[in-house]
file final.cif (mmCIF, C-alpha atoms and all ligand atoms)
data_start
loop_
_atom_site.label_atom_id
_atom_site.label_comp_id
_atom_site.auth_asym_id
_atom_site.auth_seq_id
_atom_site.Cartn_x
_atom_site.Cartn_y
_atom_site.Cartn_z
CA MET A 1 24.88 27.89 -22.30
CA PRO A 2 26.41 24.93 -24.16
CA VAL A 3 24.32 21.79 -24.10
CA GLY A 4 26.49 18.86 -23.06
CA LEU A 5 27.35 16.46 -20.31
CA SER A 6 26.53 17.90 -16.89
CA PRO A 7 27.54 15.11 -14.53
CA ALA A 8 26.26 16.82 -11.40
CA THR A 9 22.72 17.38 -12.65
CA PRO A 10 21.89 14.86 -15.38
CA LEU A 11 18.16 15.03 -14.61
CA VAL A 12 16.10 17.17 -16.99
CA GLU A 13 14.95 20.38 -15.43
CA ARG A 14 11.25 19.63 -15.53
CA MET A 15 11.78 16.57 -13.29
CA ARG A 16 13.97 18.27 -10.71
CA GLY A 17 12.22 18.62 -7.40
CA PHE A 18 10.54 15.22 -7.69
CA GLY A 19 13.41 13.34 -6.00
CA THR A 20 12.37 10.13 -4.23
CA THR A 21 8.65 9.56 -3.70
CA ILE A 22 7.33 9.95 -0.19
CA PHE A 23 6.10 6.33 -0.35
CA ALA A 24 9.60 5.00 -0.97
CA GLU A 25 11.04 7.23 1.78
CA MET A 26 8.45 6.26 4.36
CA SER A 27 8.45 2.53 3.53
CA ALA A 28 12.25 2.54 3.88
CA LEU A 29 11.89 4.30 7.23
CA ALA A 30 9.41 1.65 8.36
CA SER A 31 11.77 -1.18 7.48
CA GLN A 32 14.79 0.52 9.06
CA THR A 33 12.97 1.17 12.31
CA GLY A 34 10.61 -1.81 12.43
CA ALA A 35 7.70 0.63 12.83
CA ILE A 36 4.17 -0.30 11.69
CA ASN A 37 3.89 0.95 8.11
CA LEU A 38 0.67 2.92 7.71
CA GLY A 39 2.42 5.04 5.08
CA GLN A 40 2.38 3.48 1.61
CA GLY A 41 -1.08 2.18 0.74
CA PHE A 42 -0.89 -1.56 0.21
CA PRO A 43 -2.92 -4.31 1.91
CA ASP A 44 -1.23 -6.94 4.07
CA THR A 45 -3.60 -9.70 2.96
CA ASP A 46 -4.09 -11.28 -0.46
CA GLY A 47 -7.02 -10.92 -2.82
CA PRO A 48 -9.43 -13.67 -3.98
CA SER A 49 -7.78 -17.10 -3.98
CA SER A 50 -9.34 -18.04 -7.34
CA MET A 51 -7.57 -15.01 -8.85
CA LEU A 52 -4.24 -16.06 -7.32
CA SER A 53 -4.68 -19.62 -8.63
CA ALA A 54 -5.54 -18.28 -12.10
CA ALA A 55 -2.24 -16.38 -12.19
CA VAL A 56 -0.32 -19.49 -11.16
CA ALA A 57 -2.16 -21.49 -13.82
CA ALA A 58 -1.36 -18.82 -16.44
CA ILE A 59 2.34 -18.96 -15.55
CA GLU A 60 2.42 -22.75 -15.51
CA GLY A 61 0.32 -22.84 -18.67
CA GLY A 62 2.97 -20.93 -20.58
CA ARG A 63 1.39 -17.47 -20.85
CA ASN A 64 4.76 -15.90 -20.20
CA GLN A 65 5.50 -14.03 -23.41
CA TYR A 66 4.37 -10.60 -24.63
CA PRO A 67 0.59 -10.29 -24.47
CA PRO A 68 -1.14 -8.30 -27.24
CA GLY A 69 -0.45 -4.53 -27.02
CA PRO A 70 -3.95 -3.41 -25.99
CA GLY A 71 -4.31 -6.30 -23.47
CA VAL A 72 -5.35 -9.96 -23.57
CA PRO A 73 -8.79 -10.41 -25.16
CA GLU A 74 -10.41 -11.91 -22.05
CA LEU A 75 -9.35 -8.92 -19.94
CA LEU A 76 -10.57 -6.39 -22.53
CA SER A 77 -13.95 -8.17 -22.46
CA ALA A 78 -13.96 -8.43 -18.66
CA VAL A 79 -13.32 -4.68 -18.29
CA ALA A 80 -16.13 -3.91 -20.75
CA ASP A 81 -18.46 -6.32 -18.87
CA HIS A 82 -17.52 -4.65 -15.58
CA GLN A 83 -18.42 -1.18 -16.92
CA ARG A 84 -21.79 -2.47 -18.08
CA ARG A 85 -22.50 -4.55 -14.97
CA PHE A 86 -21.76 -1.85 -12.38
CA TYR A 87 -22.47 1.36 -14.30
CA GLY A 88 -24.64 0.46 -17.30
CA LEU A 89 -21.96 1.79 -19.66
CA PRO A 90 -21.79 0.04 -23.05
CA VAL A 91 -18.07 -0.23 -23.78
CA ASP A 92 -16.60 -1.87 -26.88
CA PRO A 93 -13.75 -4.14 -25.75
CA ALA A 94 -11.93 -3.86 -29.08
CA SER A 95 -11.76 -0.08 -29.39
CA GLN A 96 -12.68 1.47 -26.06
CA VAL A 97 -10.46 -0.41 -23.58
CA LEU A 98 -6.68 -0.31 -23.10
CA VAL A 99 -4.83 -2.40 -20.52
CA THR A 100 -1.91 -0.57 -18.89
CA ALA A 101 0.88 -1.25 -16.37
CA GLY A 102 -1.28 -0.14 -13.47
CA ALA A 103 -3.32 3.04 -13.33
CA THR A 104 -0.01 4.91 -13.15
CA GLU A 105 0.80 4.09 -16.75
CA GLY A 106 -2.80 4.73 -17.74
CA ILE A 107 -2.56 8.26 -16.32
CA ALA A 108 0.81 8.85 -17.95
CA SER A 109 -0.34 7.53 -21.35
CA VAL A 110 -3.42 9.72 -21.35
CA VAL A 111 -1.73 12.92 -20.15
CA LEU A 112 1.22 12.47 -22.53
CA ALA A 113 -1.17 11.66 -25.38
CA LEU A 114 -3.46 14.66 -24.88
CA CYS A 115 -1.25 17.52 -23.68
CA GLU A 116 0.96 19.72 -25.80
CA PRO A 117 3.71 21.58 -23.93
CA GLY A 118 2.15 24.61 -22.26
CA ASP A 119 -1.35 23.13 -22.08
CA GLU A 120 -2.96 23.42 -18.68
CA VAL A 121 -4.21 20.56 -16.51
CA VAL A 122 -6.67 21.32 -13.73
CA THR A 123 -6.49 19.09 -10.68
CA PHE A 124 -7.43 19.25 -7.02
CA GLU A 125 -4.81 19.39 -4.33
CA PRO A 126 -3.83 17.41 -2.40
CA TYR A 127 -3.19 15.28 -5.51
CA TYR A 128 -1.80 11.79 -5.98
CA ASP A 129 1.93 12.28 -6.46
CA SER A 130 2.21 10.86 -9.98
CA TYR A 131 -0.12 13.58 -11.30
CA ALA A 132 2.36 16.38 -10.75
CA ALA A 133 5.26 14.37 -12.17
CA THR A 134 3.30 13.23 -15.21
CA ILE A 135 2.05 16.73 -15.99
CA ALA A 136 5.66 17.92 -15.72
CA LEU A 137 6.87 15.13 -18.04
CA ALA A 138 4.34 16.27 -20.62
CA GLY A 139 5.64 19.85 -20.32
CA ALA A 140 2.11 20.86 -19.32
CA VAL A 141 1.17 23.28 -16.54
CA ARG A 142 -0.62 22.30 -13.34
CA ARG A 143 -3.50 24.50 -12.17
CA THR A 144 -5.02 23.48 -8.85
CA SER A 145 -7.93 24.03 -6.51
CA VAL A 146 -7.41 23.24 -2.83
CA LEU A 147 -9.59 20.78 -0.88
CA ARG A 148 -9.38 21.87 2.75
CA PHE A 149 -9.35 19.75 5.89
CA PRO A 150 -11.57 18.52 7.47
CA SER A 151 -14.50 18.50 4.98
CA PHE A 152 -12.38 18.66 1.80
CA GLU A 153 -15.35 20.24 0.00
CA VAL A 154 -14.88 21.62 -3.49
CA ASP A 155 -14.47 25.40 -3.47
CA GLU A 156 -16.31 26.60 -6.55
CA ALA A 157 -14.55 29.96 -6.84
CA SER A 158 -11.04 28.51 -6.76
CA LEU A 159 -12.03 25.72 -9.12
CA ARG A 160 -13.42 28.21 -11.62
CA ALA A 161 -10.27 30.29 -11.30
CA ALA A 162 -8.14 27.27 -12.24
CA PHE A 163 -9.75 27.01 -15.67
CA SER A 164 -8.60 29.09 -18.65
CA ALA A 165 -8.52 29.07 -22.41
CA ARG A 166 -5.38 26.87 -22.13
CA THR A 167 -7.15 24.14 -20.11
CA ARG A 168 -6.73 20.87 -21.98
CA LEU A 169 -7.95 18.46 -19.35
CA VAL A 170 -9.14 18.03 -15.78
CA LEU A 171 -7.46 15.24 -13.86
CA LEU A 172 -9.94 14.07 -11.24
CA ASN A 173 -9.73 11.39 -8.59
CA SER A 174 -12.75 10.01 -6.75
CA PRO A 175 -12.72 8.29 -4.30
CA HIS A 176 -9.80 10.54 -3.53
CA ASN A 177 -6.30 9.75 -2.36
CA PRO A 178 -5.06 11.03 0.11
CA THR A 179 -8.22 12.50 1.70
CA GLY A 180 -10.61 9.54 1.48
CA LYS A 181 -13.21 11.94 0.10
CA VAL A 182 -15.85 10.63 -2.30
CA PHE A 183 -16.94 13.48 -4.58
CA SER A 184 -20.69 14.11 -4.51
CA ARG A 185 -22.73 14.05 -7.67
CA ALA A 186 -23.18 17.84 -7.41
CA GLU A 187 -19.43 18.40 -7.10
CA LEU A 188 -18.76 16.19 -10.11
CA GLU A 189 -21.46 17.99 -12.08
CA LEU A 190 -19.77 21.30 -11.34
CA VAL A 191 -16.42 19.96 -12.61
CA CYS A 192 -18.13 18.58 -15.72
CA ALA A 193 -19.97 21.83 -16.41
CA LEU A 194 -16.64 23.69 -16.32
CA ALA A 195 -15.01 21.06 -18.53
CA ARG A 196 -17.79 21.56 -21.08
CA GLU A 197 -17.56 25.33 -20.83
CA TYR A 198 -13.80 25.25 -21.52
CA ASP A 199 -14.04 22.32 -23.95
CA ALA A 200 -11.68 20.19 -21.86
CA TRP A 201 -11.33 16.45 -21.40
CA VAL A 202 -12.11 14.91 -18.02
CA VAL A 203 -9.59 12.24 -17.08
CA THR A 204 -10.94 10.43 -14.06
CA ASP A 205 -8.86 8.18 -11.83
CA GLU A 206 -11.30 5.81 -10.15
CA VAL A 207 -8.94 3.18 -8.75
CA TYR A 208 -10.87 3.15 -5.45
CA GLU A 209 -14.23 2.83 -7.24
CA HIS A 210 -15.33 -0.17 -5.16
CA LEU A 211 -13.96 1.03 -1.83
CA THR A 212 -16.69 3.29 -0.42
CA PHE A 213 -18.28 3.22 3.02
CA ASP A 214 -21.51 4.00 4.90
CA GLY A 215 -23.59 3.55 1.75
CA VAL A 216 -21.88 6.52 0.06
CA GLU A 217 -22.25 6.16 -3.68
CA HIS A 218 -19.33 6.36 -6.11
CA VAL A 219 -20.48 8.23 -9.21
CA PRO A 220 -18.35 7.41 -12.28
CA VAL A 221 -17.91 10.61 -14.29
CA ALA A 222 -18.58 8.75 -17.56
CA THR A 223 -22.15 8.05 -16.39
CA LEU A 224 -23.07 11.73 -16.00
CA PRO A 225 -25.31 13.13 -18.75
CA GLY A 226 -23.38 14.09 -21.86
CA MET A 227 -20.02 13.17 -20.36
CA TRP A 228 -19.08 9.92 -22.07
CA GLU A 229 -17.71 11.69 -25.17
CA ARG A 230 -15.24 13.79 -23.18
CA THR A 231 -14.38 11.42 -20.32
CA ILE A 232 -11.44 9.03 -20.08
CA SER A 233 -11.74 6.69 -17.11
CA ILE A 234 -8.83 4.94 -15.43
CA SER A 235 -8.91 2.11 -12.94
CA SER A 236 -6.77 -0.73 -11.69
CA SER A 237 -6.96 -4.19 -10.18
CA GLY A 238 -4.50 -3.21 -7.44
CA LYS A 239 -7.06 -1.82 -4.99
CA THR A 240 -10.19 -3.74 -5.99
CA PHE A 241 -8.44 -7.10 -5.68
CA SER A 242 -5.72 -6.30 -3.13
CA ALA A 243 -2.91 -6.97 -5.60
CA THR A 244 -1.00 -3.69 -5.82
CA GLY A 245 2.15 -5.45 -7.05
CA TRP A 246 0.53 -6.91 -10.15
CA LYS A 247 0.19 -3.55 -11.88
CA VAL A 248 -2.78 -4.34 -14.07
CA GLY A 249 -4.74 -1.20 -14.88
CA TRP A 250 -7.00 -0.02 -17.66
CA VAL A 251 -8.26 2.99 -19.55
CA THR A 252 -11.77 3.21 -21.00
CA GLY A 253 -13.39 5.93 -23.06
CA PRO A 254 -14.25 7.05 -26.58
CA ALA A 255 -12.30 5.11 -29.21
CA PRO A 256 -10.18 8.05 -30.49
CA ALA A 257 -9.03 8.91 -26.96
CA VAL A 258 -8.20 5.28 -26.17
CA ALA A 259 -6.32 5.01 -29.47
CA ALA A 260 -4.32 8.14 -28.56
CA ALA A 261 -3.40 6.66 -25.17
CA ARG A 262 -2.48 3.37 -26.86
CA THR A 263 -0.11 5.14 -29.23
CA VAL A 264 1.84 6.55 -26.27
CA LYS A 265 1.55 3.44 -24.10
CA GLN A 266 3.25 1.33 -26.79
CA PHE A 267 6.45 3.28 -26.18
CA LEU A 268 6.30 3.41 -22.40
CA THR A 269 6.13 -0.30 -21.66
CA TYR A 270 4.60 -1.77 -24.84
CA VAL A 271 2.90 -4.40 -22.63
CA ALA A 272 3.07 -5.64 -19.03
CA SER A 273 1.79 -8.19 -16.52
CA GLY A 274 1.19 -10.99 -19.08
CA PRO A 275 0.10 -13.84 -16.80
CA PHE A 276 -1.69 -11.52 -14.39
CA GLN A 277 -4.03 -10.22 -17.05
CA PRO A 278 -6.13 -13.41 -17.42
CA ALA A 279 -6.23 -13.71 -13.63
CA VAL A 280 -7.62 -10.18 -13.29
CA ALA A 281 -10.14 -11.00 -16.04
CA LEU A 282 -11.38 -13.85 -13.88
CA ALA A 283 -11.48 -11.66 -10.76
CA LEU A 284 -13.54 -8.95 -12.47
CA GLY A 285 -16.25 -11.54 -13.09
CA LEU A 286 -16.45 -12.70 -9.47
CA ASP A 287 -19.59 -12.37 -7.43
CA ASP A 288 -20.77 -9.03 -6.00
CA SER A 289 -19.94 -10.34 -2.52
CA VAL A 290 -16.22 -10.21 -3.35
CA TYR A 291 -16.51 -6.50 -4.11
CA THR A 292 -18.76 -5.62 -1.17
CA GLY A 293 -16.88 -7.89 1.25
CA LEU A 294 -13.67 -5.91 0.84
CA ALA A 295 -15.47 -2.57 1.22
CA ARG A 296 -17.23 -3.72 4.41
CA SER A 297 -14.00 -5.01 5.86
CA LEU A 298 -12.21 -1.72 5.09
CA GLU A 299 -15.10 0.23 6.62
CA ARG A 300 -14.51 -1.59 9.91
CA LYS A 301 -10.77 -1.00 9.66
CA ARG A 302 -11.39 2.69 9.04
CA ASP A 303 -13.40 2.82 12.27
CA LEU A 304 -10.62 1.11 14.19
CA LEU A 305 -7.95 3.51 13.02
CA CYS A 306 -10.10 6.66 13.28
CA ALA A 307 -10.85 5.76 16.90
CA GLY A 308 -7.14 5.29 17.61
CA LEU A 309 -6.21 8.64 16.03
CA ALA A 310 -8.95 10.46 17.96
CA GLU A 311 -7.80 8.74 21.14
CA ALA A 312 -4.29 10.05 20.45
CA GLY A 313 -5.74 13.56 20.45
CA MET A 314 -5.74 14.25 16.72
CA ALA A 315 -8.60 15.81 14.76
CA VAL A 316 -9.73 13.29 12.16
CA SER A 317 -11.49 13.69 8.79
CA ARG A 318 -13.58 10.55 8.61
CA PRO A 319 -13.14 9.16 5.08
CA SER A 320 -16.02 7.80 2.97
CA GLY A 321 -13.74 5.72 0.77
CA THR A 322 -10.22 4.52 -0.13
CA TYR A 323 -7.52 3.07 2.13
CA PHE A 324 -6.71 6.36 3.84
CA VAL A 325 -7.59 8.69 6.70
CA VAL A 326 -6.18 12.18 7.22
CA ALA A 327 -5.59 13.44 10.74
CA ASP A 328 -4.25 16.72 12.08
CA ALA A 329 -1.23 16.47 14.37
CA ALA A 330 -1.43 20.16 15.35
CA ALA A 331 -3.17 19.37 18.64
CA LEU A 332 -0.13 17.26 19.56
CA GLY A 333 2.06 20.30 19.15
CA ALA A 334 3.42 19.38 15.72
CA SER A 335 4.17 22.29 13.41
CA ASP A 336 5.55 20.51 10.33
CA GLY A 337 3.92 17.31 9.08
CA LEU A 338 7.01 16.09 7.21
CA ALA A 339 9.25 16.49 10.26
CA PHE A 340 6.55 14.89 12.41
CA CYS A 341 6.31 11.86 10.09
CA ARG A 342 10.10 11.45 10.06
CA GLU A 343 10.00 11.46 13.88
CA LEU A 344 6.88 9.32 14.33
CA PRO A 345 8.64 5.91 14.28
CA ALA A 346 10.85 7.05 17.16
CA LEU A 347 7.95 8.69 18.96
CA CYS A 348 5.58 5.72 18.83
CA GLY A 349 6.62 3.07 16.27
CA VAL A 350 4.16 4.05 13.50
CA VAL A 351 4.74 5.43 9.99
CA GLY A 352 2.38 7.86 8.23
CA VAL A 353 2.71 10.17 5.24
CA PRO A 354 2.68 13.99 5.39
CA VAL A 355 -0.12 15.40 3.28
CA SER A 356 1.83 18.58 2.47
CA VAL A 357 3.91 16.67 -0.11
CA PHE A 358 0.75 16.33 -2.23
CA HIS A 359 0.23 20.11 -2.28
CA ASP A 360 1.48 23.17 -4.09
CA ASP A 361 0.02 25.20 -1.23
CA VAL A 362 1.89 23.38 1.55
CA GLN A 363 0.40 25.67 4.20
CA ALA A 364 -3.02 24.14 3.48
CA ALA A 365 -1.82 20.86 4.96
CA ARG A 366 1.02 21.94 7.23
CA THR A 367 0.29 19.49 10.07
CA LEU A 368 -1.86 16.90 8.27
CA VAL A 369 -0.83 13.25 8.14
CA ARG A 370 -2.27 10.42 6.03
CA PHE A 371 -2.54 6.96 7.57
CA ALA A 372 -3.45 3.77 5.66
CA PHE A 373 -5.94 1.36 7.23
CA CYS A 374 -5.74 -1.46 4.63
CA LYS A 375 -4.05 -3.65 7.26
CA LYS A 376 -4.96 -6.65 9.42
CA ASP A 377 -7.16 -5.78 12.41
CA GLU A 378 -4.45 -6.79 14.87
CA VAL A 379 -1.94 -4.49 13.14
CA LEU A 380 -4.39 -1.59 13.34
CA THR A 381 -5.20 -2.30 16.97
CA GLU A 382 -1.51 -2.29 17.83
CA ALA A 383 -0.94 0.89 15.78
CA ALA A 384 -3.90 2.56 17.52
CA SER A 385 -2.54 1.72 20.95
CA ARG A 386 0.92 3.02 19.98
CA LEU A 387 -0.61 6.24 18.63
CA ALA A 388 -2.63 6.65 21.84
CA THR A 389 0.66 6.98 23.75
CA LEU A 390 1.18 10.32 21.97
CA LYS A 391 -1.65 11.87 23.91
CA GLY A 392 -0.48 14.61 26.19
CA ARG A 393 3.17 14.12 25.17
CA GLU A 394 5.32 17.01 24.03
CA VAL A 395 6.00 16.58 20.32
CA GLY A 396 6.22 20.34 19.83
CA ALA A 397 9.86 20.12 18.77
CA VAL A 398 8.71 18.70 15.43
N1 LIG B 401 -4.19 6.64 -8.58
C1 LIG B 401 -4.36 6.71 -7.26
C2 LIG B 401 -5.31 7.71 -6.71
C3 LIG B 401 -3.66 5.85 -6.42
O1 LIG B 401 -3.84 5.90 -5.10
C4 LIG B 401 -2.76 4.94 -6.97
C5 LIG B 401 -1.90 4.09 -6.07
N2 LIG B 401 -2.35 2.94 -5.91
C6 LIG B 401 -2.63 4.88 -8.36
C7 LIG B 401 -3.35 5.76 -9.13
C8 LIG B 401 -1.70 3.94 -9.02
O2 LIG B 401 -2.30 2.71 -9.24
P1 LIG B 401 -1.47 1.48 -9.83
O3 LIG B 401 -0.73 0.86 -8.70
O4 LIG B 401 -2.50 0.60 -10.43
O5 LIG B 401 -0.52 2.03 -10.84
N1 LIG B 402 -0.91 4.48 -4.20
C1 LIG B 402 -0.09 4.20 -3.07
C2 LIG B 402 -0.34 5.20 -1.97
O1 LIG B 402 -0.94 6.23 -2.18
C3 LIG B 402 1.39 4.21 -3.34
C4 LIG B 402 1.87 3.76 -4.66
C5 LIG B 402 3.32 4.09 -4.83
O2 LIG B 402 4.13 3.80 -3.96
N2 LIG B 402 3.63 4.76 -5.88
O3 LIG B 402 0.08 4.93 -0.89
#
call {"tool": "encode", "arguments": {"input": "final.cif", "output": "structure tokens"}}
result
Amino acid sequence: MPVGLSPATPLVERMRGFGTTIFAEMSALASQTGAINLGQGFPDTDGPSSMLSAAVAAIEGGRNQYPPGPGVPELLSAVADHQRRFYGLPVDPASQVLVTAGATEGIASVVLALCEPGDEVVTFEPYYDSYAATIALAGAVRRTSVLRFPSFEVDEASLRAAFSARTRLVLLNSPHNPTGKVFSRAELELVCALAREYDAWVVTDEVYEHLTFDGVEHVPVATLPGMWERTISISSSGKTFSATGWKVGWVTGPAPAVAAARTVKQFLTYVASGPFQPAVALALGLDDSVYTGLARSLERKRDLLCAGLAEAGMAVSRPSGTYFVVADAAALGASDGLAFCRELPALCGVVGVPVSVFHDDVQAARTLVRFAFCKKDEVLTEAASRLATLKGREVGAV
């Protein structure tokens, strides 16, 4: 077939099927209908005021031009200090930290830097949507293991089966979006043992590292014995400091891996978020109470929303971390989560996200819906009372 202009389908084949993200679709639906948006995960309150003031000061102080490629020096140091302070990891700010345009660019830089076309990437499903798209962009192949509602436990046999001689990396996410699961130490050790057996990298997305509940511990993969050398960790200020629009993320790991990611990152954005970087550096150094205060507040919000979903008649998987809870709409008569979510604003004035869009095996999540609880208490209370009106109603048509 001649290669040339194909006006009807200009998109490269490997990106077909990605269309518009579910977050964009559902946020648009919320604004069209005026429904409460528990779809896209973003808080409706601001982060620490000293961080906000530092960004204003950076803008007014003239820090508005390109920052250095790897990140501003004070943020590189602050990320390294954070890794030592919370996890005891000695990280060299000059060679082992890279600042990126959010975790999204961190993930893309690392996957594009490490994967040759045809290499395999092992990940759990449901997976955060950018994983599938990024793996496709790299020309790599996704191999998955399903986490099943309601416990979302790792299934050892299917995880093992996902590994092969072509496995280049494992793309992990704990605390996990969309399930709210926090991987146990034993589960992480299993993943790491397989990564060692197949000589694969572990790329670990820990953007919700500080958002865990009920005393459940987040175990950073890089702290597990023998794992530092093969682990690339990714995080972001968006969740920890309630500033999802700032897009300040970072990659940490062994110097050669960080250098590889930096090589790619230079040609994705070169740099981003100039004046926000010093503000995030300041925030990372704030008192422990800033970190724990947000987690405790989200824990309460989780309880509020879980109670509302249960009241509505849905089975709920109580999350140990993140912004999200997954509930099953099957008991309400729903048979297709995507159709149910498209109908939900009309049914009760609330927006959620169908979990099936984060799956290859869509049957595994046919009637599951993710709701975000990173919202003001009064918003959650109102959403809960709207959801409660679903109880006993016939939504079987969707
Ligand atoms: N990973 C996960 C698991 C996420 O939920 C998100 C969305 N916030 C990201 C990465 C992207 O983070 P950022 O906004 O910093 O790019
Ligand atoms: N991480 C956010 C979520 O899971 C969405 C980010 C985005 O819209 N890409 O809701």
call {"tool": "closest_residue", "arguments": {"input": "final.cif", "among": "A:Tyr87, A:Tyr198, A:Phe163, A:Phe371", "to": "ligand LIG 402 (chain B)", "atoms": "only C-alpha atoms and all ligand atoms"}}
result
A:Phe371
call {"tool": "closest_residue", "arguments": {"input": "final.cif", "among": "A:Ser145, A:Thr322, A:Gln363, A:Thr212", "to": "ligand LIG 401 (chain B)", "atoms": "all atoms listed in the file"}}
result
A:Thr322
call {"tool": "residues_near_ligand", "arguments": {"input": "final.cif", "ligand": "ligand LIG 402 (chain B)", "cutoff": "9 Å", "atoms": "only C-alpha atoms and all ligand atoms", "output": "ChimeraX atom specification"}}
result
/A:21-24,27,38-42,104,128-130,177-178,239,244,323-324,353,372
call {"tool": "atom_distance", "arguments": {"input": "final.cif", "atom1": "CA of Asp336 in chain A", "atom2": "CA of Arg366 in chain A"}}
result
5.7 Å
call {"tool": "closest_atom_pairs", "arguments": {"input": "final.cif", "of": "chain A", "to": "ligand LIG 401 (chain B)", "cutoff": "10 Å", "atoms": "only C-alpha atoms and all ligand atoms", "output": "tab-separated table"}}
result
residue	atom	partner	partner_atom	distance
A:Gln40	CA	B:LIG401	C5	8.8
A:Gly41	CA	B:LIG401	N2	6.8
A:Phe42	CA	B:LIG401	N2	7.7
A:Thr100	CA	B:LIG401	O4	8.6
A:Ala101	CA	B:LIG401	O5	6.6
A:Gly102	CA	B:LIG401	O4	3.4
A:Ala103	CA	B:LIG401	O4	3.9
A:Thr104	CA	B:LIG401	O5	3.7
A:Glu105	CA	B:LIG401	O5	6.4
A:Gly106	CA	B:LIG401	O5	7.8
A:Ile107	CA	B:LIG401	C7	7.7
A:Ala108	CA	B:LIG401	O5	9.9
A:Tyr127	CA	B:LIG401	C2	8.0
A:Tyr128	CA	B:LIG401	C2	5.4
A:Asp129	CA	B:LIG401	C1	8.4
A:Ser130	CA	B:LIG401	C7	7.6
A:Tyr131	CA	B:LIG401	N1	8.5
A:Leu172	CA	B:LIG401	C2	9.1
A:Asn173	CA	B:LIG401	C2	6.1
A:Ser174	CA	B:LIG401	C2	7.8
A:Pro175	CA	B:LIG401	C2	7.8
A:His176	CA	B:LIG401	C2	6.2
A:Asn177	CA	B:LIG401	C2	4.9
A:Pro178	CA	B:LIG401	O1	7.4
A:Gly180	CA	B:LIG401	C2	9.9
A:Thr204	CA	B:LIG401	N1	9.5
A:Asp205	CA	B:LIG401	N1	5.9
A:Glu206	CA	B:LIG401	C2	7.2
A:Val207	CA	B:LIG401	N1	5.9
A:Tyr208	CA	B:LIG401	C2	7.3
A:Ile234	CA	B:LIG401	C7	8.4
A:Ser235	CA	B:LIG401	O4	7.0
A:Ser236	CA	B:LIG401	O4	4.6
A:Ser237	CA	B:LIG401	O4	6.5
A:Gly238	CA	B:LIG401	O4	5.2
A:Lys239	CA	B:LIG401	N2	6.8
A:Thr240	CA	B:LIG401	O4	9.9
A:Ala243	CA	B:LIG401	O3	8.7
A:Thr244	CA	B:LIG401	O3	5.4
A:Gly245	CA	B:LIG401	O3	7.1
A:Trp246	CA	B:LIG401	O3	8.0
A:Lys247	CA	B:LIG401	O4	5.2
A:Val248	CA	B:LIG401	O4	6.1
A:Gly249	CA	B:LIG401	O4	5.3
A:Trp250	CA	B:LIG401	O4	8.5
A:Thr322	CA	B:LIG401	O1	8.2
A:Tyr323	CA	B:LIG401	O1	8.6
A:Phe324	CA	B:LIG401	O1	9.4
call {"tool": "atom_distance", "arguments": {"input": "final.cif", "atom1": "CA of Pro7 in chain A", "atom2": "CA of Ala136 in chain A"}}
result
22.1 Å
call {"tool": "atom_distance", "arguments": {"input": "final.cif", "atom1": "CA of Gly274 in chain A", "atom2": "CA of Thr231 in chain A"}}
result
27.3 Å
call {"tool": "closest_atom_pairs", "arguments": {"input": "final.cif", "of": "range 195-277 of chain A", "to": "range 62-83 of chain A", "cutoff": "8 Å", "atoms": "only C-alpha atoms", "output": "JSON lines"}}
result
{"residue": "A:Trp250", "atom": "CA", "partner": "A:Val79", "partner_atom": "CA", "distance": 7.9}
{"residue": "A:Arg262", "atom": "CA", "partner": "A:Pro70", "partner_atom": "CA", "distance": 7.0}
{"residue": "A:Gln266", "atom": "CA", "partner": "A:Gly69", "partner_atom": "CA", "distance": 6.9}
{"residue": "A:Tyr270", "atom": "CA", "partner": "A:Gly69", "partner_atom": "CA", "distance": 6.2}
{"residue": "A:Val271", "atom": "CA", "partner": "A:Gly69", "partner_atom": "CA", "distance": 5.5}
{"residue": "A:Ala272", "atom": "CA", "partner": "A:Pro67", "partner_atom": "CA", "distance": 7.6}
{"residue": "A:Gly274", "atom": "CA", "partner": "A:Pro67", "partner_atom": "CA", "distance": 5.5}
{"residue": "A:Pro275", "atom": "CA", "partner": "A:Arg63", "partner_atom": "CA", "distance": 5.6}
{"residue": "A:Gln277", "atom": "CA", "partner": "A:Leu75", "partner_atom": "CA", "distance": 6.2}
call {"tool": "closest_residue", "arguments": {"input": "final.cif", "among": "A:Phe124, A:Leu211, A:Ala312, A:Ser31", "to": "Arg393 in chain A", "atoms": "only C-alpha atoms"}}
result
A:Ala312
call {"tool": "closest_residue", "arguments": {"input": "final.cif", "among": "A:Ser109, A:Thr389, A:Ser151, A:Thr381", "to": "Leu268 in chain A", "atoms": "only C-alpha atoms"}}
result
A:Ser109
call {"tool": "residues_around", "arguments": {"input": "final.cif", "residues": "Glu116 in chain A", "least_positions_apart": "5", "cutoff": "10 Å", "atoms": "all atoms listed in the file", "output": "PyMOL selection string"}}
result
chain A and resi 111+138-141+168
call {"tool": "closest_residue", "arguments": {"input": "final.cif", "among": "A:Arg142, A:His359, A:Lys301, A:Arg318", "to": "Val182 in chain A", "atoms": "only C-alpha atoms"}}
result
A:Arg318
call {"tool": "residues_around", "arguments": {"input": "final.cif", "residues": "Val351 in chain A", "least_positions_apart": "2", "cutoff": "10 Å", "atoms": "all atoms listed in the file", "output": "list in words"}}
result
Met26, Ser27, Leu29, Ala30, Ser31, Thr33, Gly34, Ala35, Ile36, Asn37, Leu38, Gly39, Gln40, Phe340, Cys341, Arg342, Glu343, Leu344, Pro345, Ala346, Cys348, Gly349, Val353, Pro354, Val369, Arg370, Phe371, Ala372 and Ala383 of chain A
call {"tool": "closest_residue", "arguments": {"input": "final.cif", "among": "A:Arg85, A:His210, A:Arg148, A:Arg166", "to": "Phe241 in chain A", "atoms": "only C-alpha atoms"}}
result
A:His210
